[in-house]
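Participant: Take a look at upload.cif, mmCIF, C-alpha atoms:
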```
data_target
loop_
_atom_site.group_PDB
_atom_site.id
_atom_site.type_symbol
_atom_site.label_atom_id
_atom_site.label_comp_id
_atom_site.auth_asym_id
_atom_site.auth_seq_id
_atom_site.Cartn_x
_atom_site.Cartn_y
_atom_site.Cartn_z
ATOM 1 C CA MET A 44 0.000 0.000 0.000
ATOM 2 C CA ALA A 45 1.443 3.350 -1.029
ATOM 3 C CA LEU A 46 0.954 6.566 0.905
ATOM 4 C CA VAL A 47 -2.777 6.923 1.451
ATOM 5 C CA ASP A 48 -3.053 10.400 2.907
ATOM 6 C CA MET A 49 -1.058 13.645 3.082
ATOM 7 C CA PRO A 50 2.595 14.498 3.733
ATOM 8 C CA LEU A 51 3.795 14.457 7.337
ATOM 9 C CA SER A 52 4.374 18.207 7.309
ATOM 10 C CA ASP A 53 0.697 18.741 6.502
ATOM 11 C CA LEU A 54 -0.458 16.131 8.998
ATOM 12 C CA LEU A 55 1.338 17.928 11.814
ATOM 13 C CA GLU A 56 -0.842 20.985 11.111
ATOM 14 C CA TYR A 57 -4.071 19.115 10.372
ATOM 15 C CA ARG A 58 -6.893 20.434 12.563
ATOM 16 C CA PRO A 59 -10.210 19.816 10.816
ATOM 17 C CA GLN A 60 -13.303 21.575 12.083
ATOM 18 C CA ILE A 61 -15.350 18.779 13.631
ATOM 19 C CA SER A 62 -18.548 19.962 15.252
ATOM 20 C CA GLU A 63 -19.050 18.829 18.812
ATOM 21 C CA PRO A 64 -22.569 17.541 19.470
ATOM 22 C CA THR A 65 -24.904 19.465 21.727
ATOM 23 C CA GLY A 66 -24.691 18.329 25.321
ATOM 24 C CA PHE A 67 -21.590 16.169 24.854
ATOM 25 C CA ASP A 68 -20.366 16.609 28.436
ATOM 26 C CA THR A 69 -23.838 16.120 29.892
ATOM 27 C CA PHE A 70 -24.320 12.979 27.809
ATOM 28 C CA TRP A 71 -21.158 11.410 29.167
ATOM 29 C CA SER A 72 -21.442 12.620 32.754
ATOM 30 C CA THR A 73 -24.978 11.213 32.904
ATOM 31 C CA THR A 74 -23.865 7.938 31.308
ATOM 32 C CA LEU A 75 -21.038 7.495 33.806
ATOM 33 C CA SER A 76 -23.153 8.518 36.797
ATOM 34 C CA GLU A 77 -25.753 5.913 35.871
ATOM 35 C CA ALA A 78 -23.073 3.231 35.463
ATOM 36 C CA ARG A 79 -21.495 4.078 38.819
ATOM 37 C CA ALA A 80 -24.906 3.971 40.492
ATOM 38 C CA ALA A 81 -25.347 0.419 39.171
ATOM 39 C CA ALA A 82 -21.919 -0.756 40.364
ATOM 40 C CA TRP A 83 -21.345 -3.702 42.677
ATOM 41 C CA GLU A 84 -18.307 -4.904 44.605
ATOM 42 C CA PRO A 85 -15.696 -6.299 42.176
ATOM 43 C CA GLU A 86 -14.733 -9.949 42.314
ATOM 44 C CA LEU A 87 -11.038 -10.879 42.324
ATOM 45 C CA ARG A 88 -9.960 -14.493 41.942
ATOM 46 C CA PRO A 89 -6.374 -15.823 41.746
ATOM 47 C CA ALA A 90 -5.563 -17.360 38.359
ATOM 48 C CA ALA A 91 -2.707 -18.911 36.325
ATOM 49 C CA PRO A 92 -0.583 -20.271 39.213
ATOM 50 C CA GLU A 93 1.752 -21.752 36.611
ATOM 51 C CA LEU A 94 3.169 -18.252 36.047
ATOM 52 C CA ARG A 95 5.476 -18.492 39.062
ATOM 53 C CA ASP A 96 6.835 -14.940 38.905
ATOM 54 C CA VAL A 97 3.542 -13.228 38.072
ATOM 55 C CA GLU A 98 0.525 -12.679 40.285
ATOM 56 C CA VAL A 99 -2.554 -13.054 38.065
ATOM 57 C CA THR A 100 -6.052 -11.990 39.107
ATOM 58 C CA ASP A 101 -9.231 -12.774 37.188
ATOM 59 C CA LEU A 102 -11.149 -9.530 37.781
ATOM 60 C CA ARG A 103 -14.899 -9.145 37.282
ATOM 61 C CA TYR A 104 -16.407 -5.691 37.724
ATOM 62 C CA ALA A 105 -19.528 -3.673 36.913
ATOM 63 C CA GLY A 106 -19.435 -1.902 33.566
ATOM 64 C CA PHE A 107 -22.170 -0.075 31.684
ATOM 65 C CA GLY A 108 -25.569 -0.819 33.200
ATOM 66 C CA GLY A 109 -23.918 -2.865 35.956
ATOM 67 C CA HIS A 110 -23.133 -5.556 33.369
ATOM 68 C CA PRO A 111 -20.333 -7.921 34.434
ATOM 69 C CA ILE A 112 -17.079 -7.268 32.558
ATOM 70 C CA ALA A 113 -13.973 -9.447 32.765
ATOM 71 C CA ALA A 114 -10.383 -8.251 32.913
ATOM 72 C CA TRP A 115 -6.989 -9.620 33.791
ATOM 73 C CA LEU A 116 -4.843 -7.910 36.409
ATOM 74 C CA LEU A 117 -1.196 -8.982 36.397
ATOM 75 C CA ARG A 118 1.595 -7.872 38.742
ATOM 76 C CA PRO A 119 5.152 -8.976 39.455
ATOM 77 C CA ARG A 120 4.823 -11.499 42.270
ATOM 78 C CA GLY A 121 5.739 -9.883 45.563
ATOM 79 C CA ALA A 122 5.182 -6.332 44.351
ATOM 80 C CA GLY A 123 3.915 -4.003 47.055
ATOM 81 C CA ASP A 124 0.903 -1.751 47.061
ATOM 82 C CA ASN A 125 0.471 1.368 44.930
ATOM 83 C CA LEU A 126 2.224 -0.142 41.907
ATOM 84 C CA PRO A 127 2.002 1.988 38.727
ATOM 85 C CA THR A 128 -0.275 0.065 36.394
ATOM 86 C CA VAL A 129 -0.906 0.155 32.646
ATOM 87 C CA VAL A 130 -4.478 -0.472 31.482
ATOM 88 C CA GLY A 131 -4.692 -2.088 28.039
ATOM 89 C CA PHE A 132 -7.564 -2.279 25.567
ATOM 90 C CA ASN A 133 -7.916 -4.672 22.662
ATOM 91 C CA GLY A 134 -8.084 -4.411 18.898
ATOM 92 C CA TYR A 135 -11.296 -5.001 16.959
ATOM 93 C CA GLY A 136 -12.806 -8.438 17.402
ATOM 94 C CA GLY A 137 -10.344 -9.773 19.971
ATOM 95 C CA GLY A 138 -10.907 -10.882 23.558
ATOM 96 C CA ARG A 139 -8.778 -10.706 26.675
ATOM 97 C CA GLY A 140 -7.098 -13.970 25.732
ATOM 98 C CA LEU A 141 -4.834 -15.796 28.199
ATOM 99 C CA PRO A 142 -2.725 -14.280 30.989
ATOM 100 C CA HIS A 143 0.624 -15.270 29.514
ATOM 101 C CA GLU A 144 -0.128 -13.116 26.444
ATOM 102 C CA HIS A 145 0.111 -9.961 28.580
ATOM 103 C CA LEU A 146 3.567 -10.073 30.157
ATOM 104 C CA PRO A 147 5.723 -7.250 28.657
ATOM 105 C CA TRP A 148 4.641 -4.505 31.070
ATOM 106 C CA VAL A 149 4.896 -6.905 34.008
ATOM 107 C CA ALA A 150 8.436 -7.846 32.930
ATOM 108 C CA ALA A 151 9.249 -4.125 33.035
ATOM 109 C CA GLY A 152 8.052 -3.899 36.638
ATOM 110 C CA TYR A 153 4.561 -2.449 36.097
ATOM 111 C CA GLY A 154 1.155 -3.814 36.841
ATOM 112 C CA TYR A 155 -0.974 -4.521 33.786
ATOM 113 C CA ALA A 156 -4.753 -4.734 33.514
ATOM 114 C CA PHE A 157 -6.448 -5.801 30.283
ATOM 115 C CA MET A 158 -10.161 -5.372 29.569
ATOM 116 C CA ASP A 159 -12.254 -7.974 27.790
ATOM 117 C CA THR A 160 -14.246 -5.996 25.184
ATOM 118 C CA ARG A 161 -17.921 -6.820 25.541
ATOM 119 C CA GLY A 162 -19.397 -8.986 22.806
ATOM 120 C CA GLN A 163 -16.056 -9.481 21.070
ATOM 121 C CA GLY A 164 -13.430 -12.188 21.335
ATOM 122 C CA ALA A 165 -14.278 -14.632 18.558
ATOM 123 C CA TRP A 166 -12.562 -13.156 15.480
ATOM 124 C CA TRP A 167 -8.906 -13.804 16.331
ATOM 125 C CA GLY A 168 -6.611 -14.533 19.266
ATOM 126 C CA SER A 169 -7.430 -16.691 22.280
ATOM 127 C CA GLY A 170 -11.001 -15.572 22.882
ATOM 128 C CA GLY A 171 -13.017 -13.604 25.389
ATOM 129 C CA VAL A 172 -15.673 -14.332 27.998
ATOM 130 C CA THR A 173 -17.698 -11.089 28.242
ATOM 131 C CA GLY A 174 -21.046 -10.902 26.488
ATOM 132 C CA ASP A 175 -23.071 -7.835 25.547
ATOM 133 C CA PRO A 176 -26.590 -8.284 26.934
ATOM 134 C CA VAL A 177 -27.929 -5.203 25.128
ATOM 135 C CA GLY A 178 -29.822 -5.777 21.896
ATOM 136 C CA HIS A 179 -29.778 -3.425 18.916
ATOM 137 C CA GLY A 180 -31.596 -2.582 15.711
ATOM 138 C CA THR A 181 -30.559 -3.417 12.171
ATOM 139 C CA SER A 182 -26.796 -3.572 11.724
ATOM 140 C CA ALA A 183 -24.100 -4.656 9.325
ATOM 141 C CA ALA A 184 -21.703 -7.464 10.195
ATOM 142 C CA GLY A 185 -19.299 -6.453 12.940
ATOM 143 C CA PHE A 186 -19.748 -4.107 15.889
ATOM 144 C CA ALA A 187 -19.489 -0.554 14.527
ATOM 145 C CA THR A 188 -23.130 -0.314 13.410
ATOM 146 C CA ARG A 189 -24.807 -1.752 16.499
ATOM 147 C CA GLY A 190 -27.269 0.806 17.814
ATOM 148 C CA LEU A 191 -26.261 3.528 15.344
ATOM 149 C CA GLU A 192 -29.767 4.959 15.364
ATOM 150 C CA SER A 193 -29.137 6.752 18.682
ATOM 151 C CA PRO A 194 -26.094 7.762 20.770
ATOM 152 C CA HIS A 195 -27.864 6.293 23.821
ATOM 153 C CA ASP A 196 -28.091 2.875 22.143
ATOM 154 C CA TYR A 197 -24.732 2.885 20.403
ATOM 155 C CA TYR A 198 -22.327 0.036 21.082
ATOM 156 C CA TYR A 199 -19.310 2.214 21.842
ATOM 157 C CA ARG A 200 -21.204 4.130 24.516
ATOM 158 C CA ARG A 201 -21.199 0.858 26.422
ATOM 159 C CA VAL A 202 -17.593 -0.048 25.607
ATOM 160 C CA TYR A 203 -16.184 3.358 26.592
ATOM 161 C CA THR A 204 -18.187 3.254 29.812
ATOM 162 C CA ASP A 205 -16.778 -0.207 30.551
ATOM 163 C CA ALA A 206 -13.284 1.266 30.151
ATOM 164 C CA VAL A 207 -13.910 4.112 32.580
ATOM 165 C CA ARG A 208 -15.485 1.730 35.068
ATOM 166 C CA LEU A 209 -12.385 -0.479 34.897
ATOM 167 C CA ILE A 210 -10.279 2.547 35.785
ATOM 168 C CA ASP A 211 -12.653 3.376 38.650
ATOM 169 C CA THR A 212 -12.387 -0.189 39.900
ATOM 170 C CA LEU A 213 -8.596 -0.370 39.698
ATOM 171 C CA ALA A 214 -8.153 3.026 41.363
ATOM 172 C CA ALA A 215 -9.961 1.702 44.439
ATOM 173 C CA LEU A 216 -7.605 -1.288 44.863
ATOM 174 C CA PRO A 217 -4.692 -0.722 47.267
ATOM 175 C CA GLN A 218 -2.293 -2.753 45.136
ATOM 176 C CA VAL A 219 -2.821 -0.436 42.159
ATOM 177 C CA GLY A 220 -1.086 2.937 41.897
ATOM 178 C CA PRO A 221 -0.953 5.558 39.146
ATOM 179 C CA LEU A 222 -2.794 4.467 36.001
ATOM 180 C CA ALA A 223 -1.766 4.797 32.352
ATOM 181 C CA VAL A 224 -3.854 3.684 29.359
ATOM 182 C CA THR A 225 -2.827 2.113 26.076
ATOM 183 C CA GLY A 226 -4.164 0.114 23.143
ATOM 184 C CA VAL A 227 -3.773 -0.556 19.429
ATOM 185 C CA SER A 228 -6.401 0.383 16.809
ATOM 186 C CA GLN A 229 -9.781 -0.049 18.522
ATOM 187 C CA GLY A 230 -7.817 -0.276 21.761
ATOM 188 C CA GLY A 231 -6.134 3.034 20.975
ATOM 189 C CA GLY A 232 -9.526 4.647 20.473
ATOM 190 C CA ILE A 233 -10.758 3.249 23.781
ATOM 191 C CA ALA A 234 -7.592 4.560 25.472
ATOM 192 C CA ILE A 235 -8.270 8.063 24.124
ATOM 193 C CA ALA A 236 -11.871 7.937 25.347
ATOM 194 C CA ALA A 237 -10.751 6.737 28.764
ATOM 195 C CA ALA A 238 -8.125 9.472 29.001
ATOM 196 C CA GLY A 239 -10.753 12.088 28.197
ATOM 197 C CA LEU A 240 -13.445 10.723 30.506
ATOM 198 C CA ALA A 241 -11.734 9.187 33.546
ATOM 199 C CA ASP A 242 -10.076 10.967 36.431
ATOM 200 C CA GLY A 243 -6.498 10.399 37.487
ATOM 201 C CA ILE A 244 -4.920 9.061 34.291
ATOM 202 C CA VAL A 245 -1.185 9.880 34.367
ATOM 203 C CA ALA A 246 -0.275 8.884 30.785
ATOM 204 C CA ALA A 247 -1.865 7.707 27.538
ATOM 205 C CA MET A 248 -0.254 5.669 24.755
ATOM 206 C CA PRO A 249 -2.705 5.229 21.842
ATOM 207 C CA ASP A 250 -1.312 3.314 18.864
ATOM 208 C CA VAL A 251 -2.816 3.768 15.364
ATOM 209 C CA PRO A 252 -6.096 4.672 17.094
ATOM 210 C CA PHE A 253 -9.520 3.905 15.685
ATOM 211 C CA GLY A 254 -12.677 6.006 16.122
ATOM 212 C CA SER A 255 -11.315 9.443 15.246
ATOM 213 C CA HIS A 256 -12.716 11.919 12.682
ATOM 214 C CA TRP A 257 -15.552 9.487 11.989
ATOM 215 C CA ARG A 258 -17.117 11.009 8.908
ATOM 216 C CA HIS A 259 -13.774 11.425 7.160
ATOM 217 C CA SER A 260 -12.883 7.842 8.083
ATOM 218 C CA VAL A 261 -16.120 6.429 6.684
ATOM 219 C CA GLU A 262 -15.811 8.473 3.498
ATOM 220 C CA HIS A 263 -12.139 7.721 2.825
ATOM 221 C CA SER A 264 -11.199 4.326 4.298
ATOM 222 C CA ASP A 265 -12.105 1.206 2.304
ATOM 223 C CA GLU A 266 -11.411 -1.033 5.283
ATOM 224 C CA ASP A 267 -13.594 -2.388 8.074
ATOM 225 C CA PRO A 268 -14.781 -1.273 10.567
ATOM 226 C CA TYR A 269 -15.410 2.003 8.701
ATOM 227 C CA ALA A 270 -16.674 0.125 5.647
ATOM 228 C CA GLU A 271 -19.299 -1.454 7.899
ATOM 229 C CA VAL A 272 -20.817 1.992 8.415
ATOM 230 C CA ARG A 273 -20.650 2.729 4.695
ATOM 231 C CA ARG A 274 -22.479 -0.515 3.876
ATOM 232 C CA TYR A 275 -25.106 0.339 6.469
ATOM 233 C CA LEU A 276 -25.642 3.808 4.986
ATOM 234 C CA ALA A 277 -25.837 2.415 1.457
ATOM 235 C CA VAL A 278 -28.898 0.477 2.622
ATOM 236 C CA HIS A 279 -30.253 3.280 4.862
ATOM 237 C CA PRO A 280 -29.474 6.528 2.987
ATOM 238 C CA SER A 281 -32.144 8.438 4.895
ATOM 239 C CA ARG A 282 -30.161 7.935 8.127
ATOM 240 C CA VAL A 283 -26.930 9.700 7.159
ATOM 241 C CA ASP A 284 -27.395 12.707 9.454
ATOM 242 C CA GLN A 285 -28.723 10.514 12.230
ATOM 243 C CA VAL A 286 -25.740 8.142 12.030
ATOM 244 C CA PHE A 287 -23.063 10.820 12.020
ATOM 245 C CA ASN A 288 -24.780 12.566 14.913
ATOM 246 C CA THR A 289 -24.513 9.322 16.881
ATOM 247 C CA LEU A 290 -20.863 8.901 15.935
ATOM 248 C CA SER A 291 -20.063 12.458 17.003
ATOM 249 C CA TYR A 292 -20.690 11.413 20.622
ATOM 250 C CA VAL A 293 -17.891 8.823 20.434
ATOM 251 C CA ASP A 294 -15.385 10.700 18.257
ATOM 252 C CA ALA A 295 -11.859 10.532 19.640
ATOM 253 C CA VAL A 296 -11.281 14.164 18.664
ATOM 254 C CA HIS A 297 -13.743 15.325 21.325
ATOM 255 C CA PHE A 298 -12.202 13.107 23.997
ATOM 256 C CA ALA A 299 -8.729 14.348 23.049
ATOM 257 C CA THR A 300 -9.702 17.949 23.750
ATOM 258 C CA ARG A 301 -10.488 16.875 27.327
ATOM 259 C CA ALA A 302 -7.419 14.681 27.911
ATOM 260 C CA THR A 303 -4.702 16.390 29.936
ATOM 261 C CA ALA A 304 -2.306 13.502 30.695
ATOM 262 C CA PRO A 305 0.982 13.307 28.756
ATOM 263 C CA ALA A 306 0.485 11.222 25.614
ATOM 264 C CA LEU A 307 2.615 9.237 23.189
ATOM 265 C CA PHE A 308 0.792 8.400 19.950
ATOM 266 C CA SER A 309 1.963 6.239 17.075
ATOM 267 C CA VAL A 310 0.845 6.298 13.444
ATOM 268 C CA GLY A 311 1.603 4.333 10.298
ATOM 269 C CA LEU A 312 1.823 6.735 7.388
ATOM 270 C CA MET A 313 0.679 3.973 5.002
ATOM 271 C CA ASP A 314 -2.232 2.906 7.195
ATOM 272 C CA SER A 315 -5.308 2.329 5.029
ATOM 273 C CA VAL A 316 -7.537 1.425 8.003
ATOM 274 C CA CYS A 317 -7.035 4.265 10.492
ATOM 275 C CA LEU A 318 -5.874 6.913 8.062
ATOM 276 C CA PRO A 319 -3.007 9.104 9.277
ATOM 277 C CA SER A 320 -5.151 12.234 8.979
ATOM 278 C CA THR A 321 -7.682 10.753 11.409
ATOM 279 C CA VAL A 322 -4.944 9.969 13.930
ATOM 280 C CA PHE A 323 -3.523 13.492 13.656
ATOM 281 C CA ALA A 324 -7.022 14.975 13.967
ATOM 282 C CA ALA A 325 -7.079 13.645 17.538
ATOM 283 C CA PHE A 326 -3.374 14.096 18.250
ATOM 284 C CA ASN A 327 -3.372 17.765 17.275
ATOM 285 C CA ARG A 328 -6.331 18.432 19.593
ATOM 286 C CA TRP A 329 -4.845 16.692 22.643
ATOM 287 C CA ALA A 330 -5.148 19.046 25.611
ATOM 288 C CA GLY A 331 -2.084 17.827 27.513
ATOM 289 C CA PRO A 332 1.571 17.386 26.526
ATOM 290 C CA HIS A 333 1.723 15.121 23.500
ATOM 291 C CA GLN A 334 4.185 13.563 21.097
ATOM 292 C CA ILE A 335 3.815 11.190 18.186
ATOM 293 C CA GLU A 336 6.005 8.507 16.643
ATOM 294 C CA PRO A 337 5.337 8.285 12.883
ATOM 295 C CA TYR A 338 6.329 5.113 11.022
ATOM 296 C CA PRO A 339 6.685 6.241 7.379
ATOM 297 C CA PHE A 340 6.454 2.844 5.680
ATOM 298 C CA ALA A 341 4.117 1.107 8.132
ATOM 299 C CA GLY A 342 0.481 0.261 7.625
ATOM 300 C CA HIS A 343 -1.978 -0.549 10.372
ATOM 301 C CA GLU A 344 0.690 -2.498 12.238
ATOM 302 C CA GLY A 345 2.257 0.839 13.185
ATOM 303 C CA GLY A 346 5.544 0.447 15.017
ATOM 304 C CA GLY A 347 4.926 -3.195 15.884
ATOM 305 C CA PRO A 348 6.777 -4.789 18.827
ATOM 306 C CA GLY A 349 9.626 -2.278 18.571
ATOM 307 C CA HIS A 350 7.308 0.556 19.563
ATOM 308 C CA PHE A 351 6.950 -0.960 23.037
ATOM 309 C CA VAL A 352 10.529 0.072 23.818
ATOM 310 C CA LYS A 353 9.619 3.688 23.062
ATOM 311 C CA GLN A 354 6.474 3.428 25.164
ATOM 312 C CA LEU A 355 8.489 2.044 28.050
ATOM 313 C CA ASP A 356 11.000 4.874 27.847
ATOM 314 C CA PHE A 357 8.133 7.383 27.713
ATOM 315 C CA LEU A 358 6.285 5.927 30.697
ATOM 316 C CA ASN A 359 9.455 5.544 32.781
ATOM 317 C CA LYS A 360 9.914 9.315 32.443
ATOM 318 C CA VAL A 361 6.337 9.959 33.595
ATOM 319 C CA VAL A 362 6.115 7.418 36.400
ATOM 320 C CA ALA A 363 8.591 4.616 37.130
ATOM 321 C CA PRO A 364 7.535 1.355 38.801
#
```
Can you give me the file's structure in the form of structure tokens?
Facilitator:
Amino acid sequence: MALVDMPLSDLLEYRPQISEPTGFDTFWSTTLSEARAAAWEPELRPAAPELRDVEVTDLRYAGFGGHPIAAWLLRPRGAGDNLPTVVGFNGYGGGRGLPHEHLPWVAAGYGYAFMDTRGQGAWWGSGGVTGDPVGHGTSAAGFATRGLESPHDYYYRRVYTDAVRLIDTLAALPQVGPLAVTGVSQGGGIAIAAAGLADGIVAAMPDVPFGSHWRHSVEHSDEDPYAEVRRYLAVHPSRVDQVFNTLSYVDAVHFATRATAPALFSVGLMDSVCLPSTVFAAFNRWAGPHQIEPYPFAGHEGGGPGHFVKQLDFLNKVVAP
């Protein structure tokens, strides 16, 4: 895939005018208040004793609507309380998988929590266990069109609430200290939302993030999940305004303007899924200190495993374990 967007010099100045929906802050404060009112005491069970140097906890907590959400919490065995912890979110279609798949941050001395994305976990990887009990209207294959008729019914309202509720839950545990968020693609989009909505985040590391500059993404990316929305609108042309109004309530650009923690983004300049311009649309609106690592010849893989070293250096400068 050749370059799919604009030169880096233009991307660094790219600040499209994206209208914020009426009542955005009220919508999200009400959503989170309702979820917190439905919360119950989290359940923590020891798991994976075969990982002798890692303490693994199977965490179940109350997400959107009080729905049970699963997560892993991993720590170096013997680590004390108040350990800086990275919260990870998954790419599109994947589940939380198995504990031994989540060891890099633990090997570096941090805690690591990883959320199981509701309703996903059967497209790739080692699976997930969290269902989505909420029904929805007509939709295309995938997750991006579920509940598009209304921001209150939209799938990512639930997912982003689950992410904030995980941060709430972790922050109340004595063994967990300062919290950073990270994720790739869909996970990067969830990390941006969490950084804009949750209190107390000390750092954010979104990689090739999804869910930014929605209309531009749907109009210019040929890849799923954005193509899912295009297929939906091809069948329901009368719903164009309605759909993009819904998507405006979950646009990463609006969360970025409210995120004040230091951030390290990554972007593949040949990414045909999450176009570079959509990543920079959020990056250039980030309210806190922010830097970006561009990978000129990378697609949606971004910096790959090598980018973790740069994330580790970044986070060590913000908060060391």
Participant: Counting all atoms listed in the file, find the residues whose atoms lie at most 8 Å from (-12.9, 8.4, 26.9) (file coordinates) and write them out as a ChimeraX atom specification.
Facilitator: /A:203-204,206-207,233-241,295,298
Participant: Report as a list in words the residues that result from applying the PyMOL selection byres ((chain A and resi 314) around 8) to the structure here.
Facilitator: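 On the file shown, the PyMOL selection byres ((chain A and resi 314) around 8) covers Leu46, Val47, Val310, Gly311, Leu312, Met313, Ser315, Val316, Cys317, Leu318, Pro319, Ala341, Gly342, His343, Glu344 and Gly345 of chain A.
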Participant: So the first atom is atom CA of Val99 of chain A and the second is atom CA of Ala114 of chain A; what is the distance between them in Å, to one decimal place?
Facilitator: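 Between atom CA of Val99 of chain A and atom CA of Ala114 of chain A the gap works out to 10.5 Å.
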Participant: Find the residues of segment 77-154 of chain A that sit at most 10 Å from segment 172-177 of chain A; for each, write down the nearest two atoms and how far apart they are in Å, to one decimal. Count all atoms listed in the file. Sort by chain, then by number going up, and give it as a tab-separated table.
Facilitator:
```
residue	atom	partner	partner_atom	distance
A:Arg103	CA	A:Thr173	CA	9.7
A:Phe107	CA	A:Asp175	CA	9.9
A:Gly108	CA	A:Val177	CA	9.5
A:His110	CA	A:Pro176	CA	7.8
A:Pro111	CA	A:Thr173	CA	7.4
A:Ile112	CA	A:Thr173	CA	5.8
A:Ala113	CA	A:Thr173	CA	6.1
A:Ala114	CA	A:Thr173	CA	9.1
A:Gly138	CA	A:Val172	CA	7.4
A:Arg139	CA	A:Val172	CA	7.9
A:Gly140	CA	A:Val172	CA	8.9
```
Participant: Pick the closest to Ala325 of chain A from A:Glu271, A:Asp250, A:Asp211, A:Glu266: which is it, counting only C-alpha atoms?
Facilitator: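 Once distances to Ala325 of chain A are computed over only C-alpha atoms, the minimum belongs to A:Asp250.
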Participant: Report as a ChimeraX atom specification the residues that result from applying the PyMOL selection byres ((chain A and resi 362) around 12) to the structure here.
Facilitator: /A:125-129,152-153,220-223,244-247,304-305,354-361,363-364
Participant: Have a look at atom CA of His143 of chain A and atom CA of Ser309 of chain A and let me know their distance in Å, one decimal.
Facilitator: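 Going from atom CA of His143 of chain A over to atom CA of Ser309 of chain A covers 24.9 Å.
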Participant: Which polymer residues have any atom within 9 Å of an atom of segment 180-183 of chain A, counting all atoms listed in the file, with same-chain residues fewer than 4 positions away left out, as a list of chain:residue names?
Facilitator: A:Ala187, A:Thr188, A:Arg189, A:Gly190, A:Leu191, A:Glu192, A:Glu271, A:Val272, A:Arg274, A:Tyr275
Participant: Using only C-alpha atoms, pick whichever of A:Ala78, A:Ala306, A:Asn288, A:Ser264 has the shortest atom-to-atom distance to Val202 of chain A.
Facilitator: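 Selected residue with least distance to Val202 of chain A: A:Ala78.
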Participant: Just checking: using all atoms listed in the file, which residue out of A:Gln229, A:Thr303, A:Arg258, A:Gly109 ends up closest to Gln163 of chain A?
Facilitator: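 Looking at the shortest contact to Gln163 of chain A, the residue is A:Gln229.
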Participant: When you count all atoms listed in the file, which of these residues is closest to Trp71 of chain A: A:Ile335, A:Leu307, A:Leu216, A:Val293?
Facilitator: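 Of the candidates, the smallest distance to Trp71 of chain A is held by A:Val293.
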Participant: Give the answer as one residue: which of A:Tyr135, A:Trp83, A:Trp115, A:Tyr198 has the shortest atom-to-atom distance to Phe157 of chain A, using all atoms listed in the file?
Facilitator: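 Of the candidates, the smallest distance to Phe157 of chain A is held by A:Trp115.
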Participant: Just so the selection is clear, what residues does the PyMOL selection byres ((chain A and resi 253) around 6) cover here, as a list in words?
Facilitator: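 In the shown coordinates, the PyMOL selection byres ((chain A and resi 253) around 6) covers Ser228, Gln229, Gly232, Pro252, Gly254, Ser255 and Cys317 of chain A.
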